[in-house]
Amino acid sequence: MSKLFIENVQSAAVSAVVVTYNRLDLLKQSIAALQNQHSVTLKHIIIVNGASTDGTKAWIDVQAKIDPKIIALHLDTNMGGAGGFNQGIRTFIEKTNDDFVWVMDDDSLVTNDALDRLLTVWQLDPTAGMAASHDIWKDGTWANMNMAAPLFSDKIKVYYGDAPYVRIKHSTFVSTIISRMAVLKVGLPQKEYFIWGDDIEYTQRITHFFSGFFVRNSVVVHASGKNPLPGDISGEKVKDRLPRYLNEFRNRLCTSKRRHSWPKYVKTLGHNAYDFIKVLFTPHVKFRFAKLGIIIKGTWNGFFFNPPIEYADSDYQYRAELMEKVWK
């Protein structure tokens, strides 16, 4: 059984989880960056392959023979990012005894001291649940979709401040590290989300029970093709991407329900309504009527969408009870 509290983070053990689907060139860069970490705490690299068809499987299998740290997990179908992280974190719990899981997409390029800098959070607060890196885009600016949300709704502390650590309420799966105890307490990411918002819902679940921190000097490059604002359906210009927004509007309502706050739920409904009005009246919006239909359908689906939370192992109840005793 993994230690509940880590006395010395430099002796801790970490599993990285990388989820990939048909982006072999980026995956190669991401894994190379992990292998170049200065930290001696990185013990496993769990690569979750969502049934890729571009040669990813063969490449991962070769790497697993070369690097004993790599655990290859090939899924039968593409379960989206949410399903991939669900399976990857399950593997971390059930197949390793590591103390932390470090989650990221296949276009996350971690700098060589990013992990060591994240782990300093547990010197600051040994009972913390998670820590998130400073995510930048390829040009050095903020990665717009990946900025950690400060706990007290003061974005200036993250955007323009210089504090090395900022308390946060949620983050994305572009370099967030989570303690084993937090996973055992809150369960696994919601695989039913498929894509979009699963990371926000999951990390918000964690910070309901544990503290979470943004770590300014843990830098990670999000090498995505573009650097859009989060959830900007009105500005979307690629028709093939439109179906993803069904998940966006459905999932955000489920996440809001789990905040157990009617004012926040109404605020989320207002956010959906604002997007509808923006698409309806903004000049020159591409695919206007298709987008309006997506907002309506996604919001309607969100009223009824509330899938159960999964837990990773049969020892969960025992470990949760043990954790409660330690906290008391």
# chains A, B, ... in the order shown; residues from 1 in each chain; ligands from 1
$ closest_atom_pairs --of "stretch 189-276 of chain A" --to "stretch 129-150 of chain A" --cutoff "8 Å" --atoms "only C-alpha atoms" --output "CSV"
residue,atom,partner,partner_atom,distance
A:Thr203,CA,A:Met130,CA,7.9
A:Ile206,CA,A:Gly129,CA,6.5
A:Thr207,CA,A:Gly129,CA,7.0
A:Phe209,CA,A:Gly129,CA,8.0
A:Phe210,CA,A:Gly129,CA,4.9
A:Ser211,CA,A:Gly129,CA,5.6
A:Gly212,CA,A:Met130,CA,4.8
A:Phe213,CA,A:Ala131,CA,4.7
A:Phe214,CA,A:Ala132,CA,4.9
A:Val215,CA,A:Ser133,CA,5.3
A:Arg216,CA,A:His134,CA,5.3
A:Asn217,CA,A:His134,CA,6.8
A:Ser218,CA,A:Ser133,CA,5.0
A:Val219,CA,A:His134,CA,4.8
A:Val220,CA,A:Asp135,CA,5.0
A:Val221,CA,A:Ile136,CA,5.0
A:His222,CA,A:Trp137,CA,5.1
A:Ala223,CA,A:Lys138,CA,5.7
A:Ser224,CA,A:Trp137,CA,7.5
A:Asn227,CA,A:Asn144,CA,6.1
A:Pro228,CA,A:Asn144,CA,6.3
A:Leu229,CA,A:Asn144,CA,5.4
A:Pro230,CA,A:Met145,CA,4.8
$ atom_distance --atom1 "atom CA of A:Arg167" --atom2 "atom CA of A:Thr96"
28.7 Å
$ select_by_dssp --residues "stretch 43-96 of chain A" --states "strand (DSSP E or B)" --output "mmCIF file with all heavy atoms, in the first residue's frame"
data_model
loop_
_atom_site.group_PDB
_atom_site.id
_atom_site.type_symbol
_atom_site.label_atom_id
_atom_site.label_comp_id
_atom_site.auth_asym_id
_atom_site.auth_seq_id
_atom_site.Cartn_x
_atom_site.Cartn_y
_atom_site.Cartn_z
ATOM 1 N N LYS A 43 8.845 6.993 -11.964
ATOM 2 C CA LYS A 43 9.072 5.550 -11.994
ATOM 3 C C LYS A 43 8.356 4.842 -13.142
ATOM 4 O O LYS A 43 8.807 3.802 -13.612
ATOM 5 C CB LYS A 43 8.631 4.919 -10.663
ATOM 6 C CG LYS A 43 9.280 5.521 -9.436
ATOM 7 C CD LYS A 43 10.804 5.421 -9.472
ATOM 8 C CE LYS A 43 11.420 5.992 -8.200
ATOM 9 N NZ LYS A 43 12.904 5.968 -8.235
ATOM 10 N N HIS A 44 7.211 5.388 -13.564
ATOM 11 C CA HIS A 44 6.434 4.751 -14.629
ATOM 12 C C HIS A 44 5.880 5.803 -15.579
ATOM 13 O O HIS A 44 5.548 6.913 -15.162
ATOM 14 C CB HIS A 44 5.265 3.940 -14.054
ATOM 15 C CG HIS A 44 5.679 2.808 -13.175
ATOM 16 N ND1 HIS A 44 5.709 2.902 -11.803
ATOM 17 C CD2 HIS A 44 6.106 1.557 -13.481
ATOM 18 C CE1 HIS A 44 6.121 1.750 -11.290
ATOM 19 N NE2 HIS A 44 6.366 0.918 -12.288
ATOM 20 N N ILE A 45 5.799 5.432 -16.852
ATOM 21 C CA ILE A 45 5.148 6.249 -17.872
ATOM 22 C C ILE A 45 4.062 5.375 -18.491
ATOM 23 O O ILE A 45 4.346 4.441 -19.250
ATOM 24 C CB ILE A 45 6.129 6.733 -18.951
ATOM 25 C CG1 ILE A 45 7.260 7.567 -18.324
ATOM 26 C CG2 ILE A 45 5.388 7.543 -20.018
ATOM 27 C CD1 ILE A 45 8.360 7.939 -19.306
ATOM 28 N N ILE A 46 2.826 5.650 -18.135
ATOM 29 C CA ILE A 46 1.684 4.864 -18.624
ATOM 30 C C ILE A 46 1.148 5.554 -19.876
ATOM 31 O O ILE A 46 0.613 6.660 -19.796
ATOM 32 C CB ILE A 46 0.593 4.756 -17.552
ATOM 33 C CG1 ILE A 46 1.159 4.118 -16.269
ATOM 34 C CG2 ILE A 46 -0.606 3.955 -18.074
ATOM 35 C CD1 ILE A 46 0.232 4.244 -15.062
ATOM 36 N N ILE A 47 1.300 4.914 -21.029
ATOM 37 C CA ILE A 47 0.814 5.478 -22.285
ATOM 38 C C ILE A 47 -0.502 4.807 -22.635
ATOM 39 O O ILE A 47 -0.552 3.589 -22.834
ATOM 40 C CB ILE A 47 1.828 5.294 -23.430
ATOM 41 C CG1 ILE A 47 3.215 5.799 -23.033
ATOM 42 C CG2 ILE A 47 1.340 6.035 -24.681
ATOM 43 C CD1 ILE A 47 4.282 5.568 -24.094
ATOM 44 N N VAL A 48 -1.561 5.600 -22.700
ATOM 45 C CA VAL A 48 -2.892 5.084 -23.012
ATOM 46 C C VAL A 48 -3.196 5.410 -24.468
ATOM 47 O O VAL A 48 -3.377 6.564 -24.838
ATOM 48 C CB VAL A 48 -3.966 5.688 -22.095
ATOM 49 C CG1 VAL A 48 -5.314 5.024 -22.363
ATOM 50 C CG2 VAL A 48 -3.571 5.552 -20.631
ATOM 51 N N ASN A 49 -3.255 4.386 -25.291
ATOM 52 C CA ASN A 49 -3.484 4.530 -26.727
ATOM 53 C C ASN A 49 -4.942 4.237 -27.050
ATOM 54 O O ASN A 49 -5.413 3.114 -26.916
ATOM 55 C CB ASN A 49 -2.555 3.569 -27.489
ATOM 56 C CG ASN A 49 -2.903 3.466 -28.954
ATOM 57 O OD1 ASN A 49 -3.425 4.406 -29.552
ATOM 58 N ND2 ASN A 49 -2.628 2.313 -29.543
ATOM 59 N N ILE A 70 8.060 2.310 -19.151
ATOM 60 C CA ILE A 70 6.840 2.461 -19.948
ATOM 61 C C ILE A 70 5.892 1.283 -19.744
ATOM 62 O O ILE A 70 6.281 0.117 -19.842
ATOM 63 C CB ILE A 70 7.188 2.623 -21.437
ATOM 64 C CG1 ILE A 70 7.865 3.973 -21.672
ATOM 65 C CG2 ILE A 70 5.934 2.501 -22.306
ATOM 66 C CD1 ILE A 70 8.290 4.220 -23.105
ATOM 67 N N ILE A 71 4.648 1.620 -19.441
ATOM 68 C CA ILE A 71 3.548 0.657 -19.392
ATOM 69 C C ILE A 71 2.615 0.988 -20.548
ATOM 70 O O ILE A 71 2.067 2.095 -20.614
ATOM 71 C CB ILE A 71 2.781 0.733 -18.059
ATOM 72 C CG1 ILE A 71 3.709 0.396 -16.884
ATOM 73 C CG2 ILE A 71 1.569 -0.196 -18.081
ATOM 74 C CD1 ILE A 71 3.062 0.576 -15.518
ATOM 75 N N ALA A 72 2.450 0.060 -21.484
ATOM 76 C CA ALA A 72 1.597 0.285 -22.660
ATOM 77 C C ALA A 72 0.184 -0.181 -22.364
ATOM 78 O O ALA A 72 -0.030 -1.313 -21.907
ATOM 79 C CB ALA A 72 2.166 -0.459 -23.862
ATOM 80 N N LEU A 73 -0.769 0.697 -22.629
ATOM 81 C CA LEU A 73 -2.177 0.350 -22.435
ATOM 82 C C LEU A 73 -2.909 0.671 -23.730
ATOM 83 O O LEU A 73 -3.158 1.832 -24.050
ATOM 84 C CB LEU A 73 -2.755 1.159 -21.267
ATOM 85 C CG LEU A 73 -4.201 0.868 -20.861
ATOM 86 C CD1 LEU A 73 -4.373 -0.596 -20.478
ATOM 87 C CD2 LEU A 73 -4.619 1.771 -19.701
ATOM 88 N N HIS A 74 -3.253 -0.369 -24.495
ATOM 89 C CA HIS A 74 -3.926 -0.202 -25.781
ATOM 90 C C HIS A 74 -5.417 -0.492 -25.612
ATOM 91 O O HIS A 74 -5.812 -1.603 -25.263
ATOM 92 C CB HIS A 74 -3.328 -1.156 -26.818
ATOM 93 C CG HIS A 74 -1.873 -0.941 -27.076
ATOM 94 N ND1 HIS A 74 -1.389 0.212 -27.633
ATOM 95 C CD2 HIS A 74 -0.794 -1.748 -26.850
ATOM 96 C CE1 HIS A 74 -0.070 0.123 -27.753
ATOM 97 N NE2 HIS A 74 0.304 -1.046 -27.279
#
$ residues_around --residues "A:Lys191" --least-positions-apart "2" --cutoff "7 Å" --atoms "only C-alpha atoms" --output "ChimeraX atom specification"
/A:82-83,86,189,193-194
$ select_by_dssp --residues "stretch 50-263 of chain A" --states "helix (DSSP H, G or I)" --output "VMD selection string"
chain A and resid 56 to 66 80 to 95 114 to 119 121 to 124 144 to 146 155 to 159 180 to 186 191 to 193 198 to 207 239 to 241 244 to 257 262 to 263
$ residues_around --residues "A:Val103" --least-positions-apart "3" --cutoff "8 Å" --atoms "only C-alpha atoms" --output "VMD selection string"
chain A and resid 16 to 18 85 173 to 177
$ residues_around --residues "A:Leu124" --least-positions-apart "3" --cutoff "12 Å" --atoms "only C-alpha atoms" --output "list of chain:residue names"
A:Ile6, A:Glu7, A:Asn8, A:Val9, A:Arg117, A:Leu118, A:Leu119, A:Thr120, A:Val121, A:Thr127, A:Ala128, A:Ala131, A:Pro164, A:Tyr165, A:Val166, A:Arg167, A:Ser211, A:Gly212, A:Phe213, A:Val215
$ write_last_selection --atoms "C-alpha atoms" --output "PDB file, in the first residue's frame"
ATOM      1  CA  ILE A   6       4.920  11.533   1.971  1.00  0.00           C
ATOM      2  CA  GLU A   7       7.626  12.388   4.486  1.00  0.00           C
ATOM      3  CA  ASN A   8      10.220  13.195   1.837  1.00  0.00           C
ATOM      4  CA  VAL A   9       8.978  14.094  -1.637  1.00  0.00           C
ATOM      5  CA  ARG A 117       8.942  21.805  -9.066  1.00  0.00           C
ATOM      6  CA  LEU A 118       5.434  20.344  -8.810  1.00  0.00           C
ATOM      7  CA  LEU A 119       6.486  18.084  -5.960  1.00  0.00           C
ATOM      8  CA  THR A 120       7.594  21.054  -3.858  1.00  0.00           C
ATOM      9  CA  VAL A 121       3.896  21.602  -3.126  1.00  0.00           C
ATOM     10  CA  THR A 127      -1.870  16.877   2.734  1.00  0.00           C
ATOM     11  CA  ALA A 128      -2.373  18.612  -0.636  1.00  0.00           C
ATOM     12  CA  ALA A 131      -0.714  20.667  -8.191  1.00  0.00           C
ATOM     13  CA  PRO A 164       5.251  30.910  -6.672  1.00  0.00           C
ATOM     14  CA  TYR A 165       2.144  29.069  -5.429  1.00  0.00           C
ATOM     15  CA  VAL A 166      -1.529  30.007  -5.829  1.00  0.00           C
ATOM     16  CA  ARG A 167      -4.456  28.055  -4.393  1.00  0.00           C
ATOM     17  CA  SER A 211      -6.003  21.795  -1.321  1.00  0.00           C
ATOM     18  CA  GLY A 212      -4.739  22.335  -4.865  1.00  0.00           C
ATOM     19  CA  PHE A 213      -1.982  24.640  -6.083  1.00  0.00           C
ATOM     20  CA  VAL A 215       3.039  26.151  -9.431  1.00  0.00           C
TER      21      VAL A 215
END
$ closest_residue --among "A:Ile178, A:Asn78, A:Pro68, A:Ala163" --to "A:Trp102" --atoms "only C-alpha atoms"
A:Ile178
$ residues_around --residues "stretch 254-270 of chain A" --least-positions-apart "6" --cutoff "10 Å" --atoms "only C-alpha atoms" --output "PyMOL selection string"
chain A and resi 193+197-198+200-202+204-205+208+276+299+301-307
$ write_last_selection --atoms "N, CA, C and O atoms" --output "PDB file, in the first residue's frame"
ATOM      1  N   TYR A 193     -17.782  11.577 -20.084  1.00  0.00           N
ATOM      2  CA  TYR A 193     -17.641  12.909 -20.656  1.00  0.00           C
ATOM      3  C   TYR A 193     -17.040  12.840 -22.064  1.00  0.00           C
ATOM      4  O   TYR A 193     -17.232  13.740 -22.860  1.00  0.00           O
ATOM      5  N   GLY A 197     -14.044  19.061 -20.537  1.00  0.00           N
ATOM      6  CA  GLY A 197     -14.575  19.314 -19.209  1.00  0.00           C
ATOM      7  C   GLY A 197     -14.341  18.217 -18.202  1.00  0.00           C
ATOM      8  O   GLY A 197     -14.587  18.408 -17.010  1.00  0.00           O
ATOM      9  N   ASP A 198     -13.863  17.045 -18.645  1.00  0.00           N
ATOM     10  CA  ASP A 198     -13.611  15.960 -17.699  1.00  0.00           C
ATOM     11  C   ASP A 198     -12.532  16.336 -16.692  1.00  0.00           C
ATOM     12  O   ASP A 198     -12.599  15.960 -15.517  1.00  0.00           O
ATOM     13  N   ILE A 200     -11.784  19.452 -15.663  1.00  0.00           N
ATOM     14  CA  ILE A 200     -12.330  20.452 -14.739  1.00  0.00           C
ATOM     15  C   ILE A 200     -13.180  19.770 -13.669  1.00  0.00           C
ATOM     16  O   ILE A 200     -13.045  20.038 -12.465  1.00  0.00           O
ATOM     17  N   GLU A 201     -14.078  18.871 -14.098  1.00  0.00           N
ATOM     18  CA  GLU A 201     -14.933  18.167 -13.139  1.00  0.00           C
ATOM     19  C   GLU A 201     -14.097  17.366 -12.150  1.00  0.00           C
ATOM     20  O   GLU A 201     -14.358  17.379 -10.939  1.00  0.00           O
ATOM     21  N   TYR A 202     -13.062  16.688 -12.647  1.00  0.00           N
ATOM     22  CA  TYR A 202     -12.281  15.806 -11.780  1.00  0.00           C
ATOM     23  C   TYR A 202     -11.443  16.588 -10.779  1.00  0.00           C
ATOM     24  O   TYR A 202     -11.443  16.273  -9.582  1.00  0.00           O
ATOM     25  N   GLN A 204     -11.930  19.586  -9.766  1.00  0.00           N
ATOM     26  CA  GLN A 204     -12.855  20.252  -8.854  1.00  0.00           C
ATOM     27  C   GLN A 204     -13.326  19.281  -7.772  1.00  0.00           C
ATOM     28  O   GLN A 204     -13.505  19.661  -6.610  1.00  0.00           O
ATOM     29  N   ARG A 205     -13.521  18.023  -8.165  1.00  0.00           N
ATOM     30  CA  ARG A 205     -13.872  16.985  -7.188  1.00  0.00           C
ATOM     31  C   ARG A 205     -12.769  16.850  -6.129  1.00  0.00           C
ATOM     32  O   ARG A 205     -13.037  16.672  -4.937  1.00  0.00           O
ATOM     33  N   HIS A 208     -12.549  19.783  -3.604  1.00  0.00           N
ATOM     34  CA  HIS A 208     -13.642  19.792  -2.628  1.00  0.00           C
ATOM     35  C   HIS A 208     -13.171  19.226  -1.292  1.00  0.00           C
ATOM     36  O   HIS A 208     -13.678  19.612  -0.229  1.00  0.00           O
ATOM     37  N   PHE A 276     -25.627  31.002 -26.801  1.00  0.00           N
ATOM     38  CA  PHE A 276     -26.699  30.941 -27.801  1.00  0.00           C
ATOM     39  C   PHE A 276     -26.930  32.321 -28.419  1.00  0.00           C
ATOM     40  O   PHE A 276     -27.001  32.472 -29.644  1.00  0.00           O
ATOM     41  N   THR A 299     -27.403  21.348 -24.133  1.00  0.00           N
ATOM     42  CA  THR A 299     -27.976  21.807 -22.868  1.00  0.00           C
ATOM     43  C   THR A 299     -29.087  20.879 -22.408  1.00  0.00           C
ATOM     44  O   THR A 299     -29.158  20.502 -21.222  1.00  0.00           O
ATOM     45  N   ASN A 301     -29.476  17.690 -23.122  1.00  0.00           N
ATOM     46  CA  ASN A 301     -28.865  16.448 -22.646  1.00  0.00           C
ATOM     47  C   ASN A 301     -28.267  16.622 -21.252  1.00  0.00           C
ATOM     48  O   ASN A 301     -28.277  15.695 -20.432  1.00  0.00           O
ATOM     49  N   GLY A 302     -27.737  17.822 -20.984  1.00  0.00           N
ATOM     50  CA  GLY A 302     -27.106  18.076 -19.698  1.00  0.00           C
ATOM     51  C   GLY A 302     -28.062  18.025 -18.523  1.00  0.00           C
ATOM     52  O   GLY A 302     -27.649  17.730 -17.394  1.00  0.00           O
ATOM     53  N   PHE A 303     -29.353  18.285 -18.775  1.00  0.00           N
ATOM     54  CA  PHE A 303     -30.331  18.218 -17.689  1.00  0.00           C
ATOM     55  C   PHE A 303     -30.440  16.804 -17.113  1.00  0.00           C
ATOM     56  O   PHE A 303     -30.790  16.628 -15.942  1.00  0.00           O
ATOM     57  N   PHE A 304     -30.160  15.788 -17.918  1.00  0.00           N
ATOM     58  CA  PHE A 304     -30.371  14.397 -17.513  1.00  0.00           C
ATOM     59  C   PHE A 304     -29.069  13.619 -17.364  1.00  0.00           C
ATOM     60  O   PHE A 304     -29.099  12.433 -17.032  1.00  0.00           O
ATOM     61  N   PHE A 305     -27.950  14.261 -17.588  1.00  0.00           N
ATOM     62  CA  PHE A 305     -26.654  13.571 -17.630  1.00  0.00           C
ATOM     63  C   PHE A 305     -25.983  13.659 -16.267  1.00  0.00           C
ATOM     64  O   PHE A 305     -25.627  14.732 -15.800  1.00  0.00           O
ATOM     65  N   ASN A 306     -25.827  12.517 -15.610  1.00  0.00           N
ATOM     66  CA  ASN A 306     -25.163  12.485 -14.305  1.00  0.00           C
ATOM     67  C   ASN A 306     -24.654  11.067 -14.043  1.00  0.00           C
ATOM     68  O   ASN A 306     -25.157  10.360 -13.174  1.00  0.00           O
ATOM     69  N   PRO A 307     -23.653  10.620 -14.799  1.00  0.00           N
ATOM     70  CA  PRO A 307     -23.182   9.237 -14.686  1.00  0.00           C
ATOM     71  C   PRO A 307     -22.527   8.968 -13.336  1.00  0.00           C
ATOM     72  O   PRO A 307     -22.000   9.887 -12.702  1.00  0.00           O
TER      73      PRO A 307
END
$ atom_distance --atom1 "atom CA of A:Glu248" --atom2 "atom CA of A:Asp105"
18.0 Å
$ atom_distance --atom1 "atom CA of A:Phe92" --atom2 "atom CA of A:Thr20"
16.5 Å
$ closest_atom_pairs --of "stretch 189-275 of chain A" --to "stretch 290-294 of chain A" --cutoff "9 Å" --atoms "only C-alpha atoms" --output "JSON lines"
{"residue": "A:Ile233", "atom": "CA", "partner": "A:Lys291", "partner_atom": "CA", "distance": 7.2}
{"residue": "A:Ser234", "atom": "CA", "partner": "A:Lys291", "partner_atom": "CA", "distance": 7.7}
{"residue": "A:Leu242", "atom": "CA", "partner": "A:Lys291", "partner_atom": "CA", "distance": 7.3}
{"residue": "A:Pro243", "atom": "CA", "partner": "A:Ile294", "partner_atom": "CA", "distance": 7.5}
{"residue": "A:Tyr245", "atom": "CA", "partner": "A:Ile294", "partner_atom": "CA", "distance": 6.9}
{"residue": "A:Leu246", "atom": "CA", "partner": "A:Ile294", "partner_atom": "CA", "distance": 5.7}
{"residue": "A:Phe249", "atom": "CA", "partner": "A:Ile294", "partner_atom": "CA", "distance": 8.3}
{"residue": "A:Asp275", "atom": "CA", "partner": "A:Leu292", "partner_atom": "CA", "distance": 8.9}
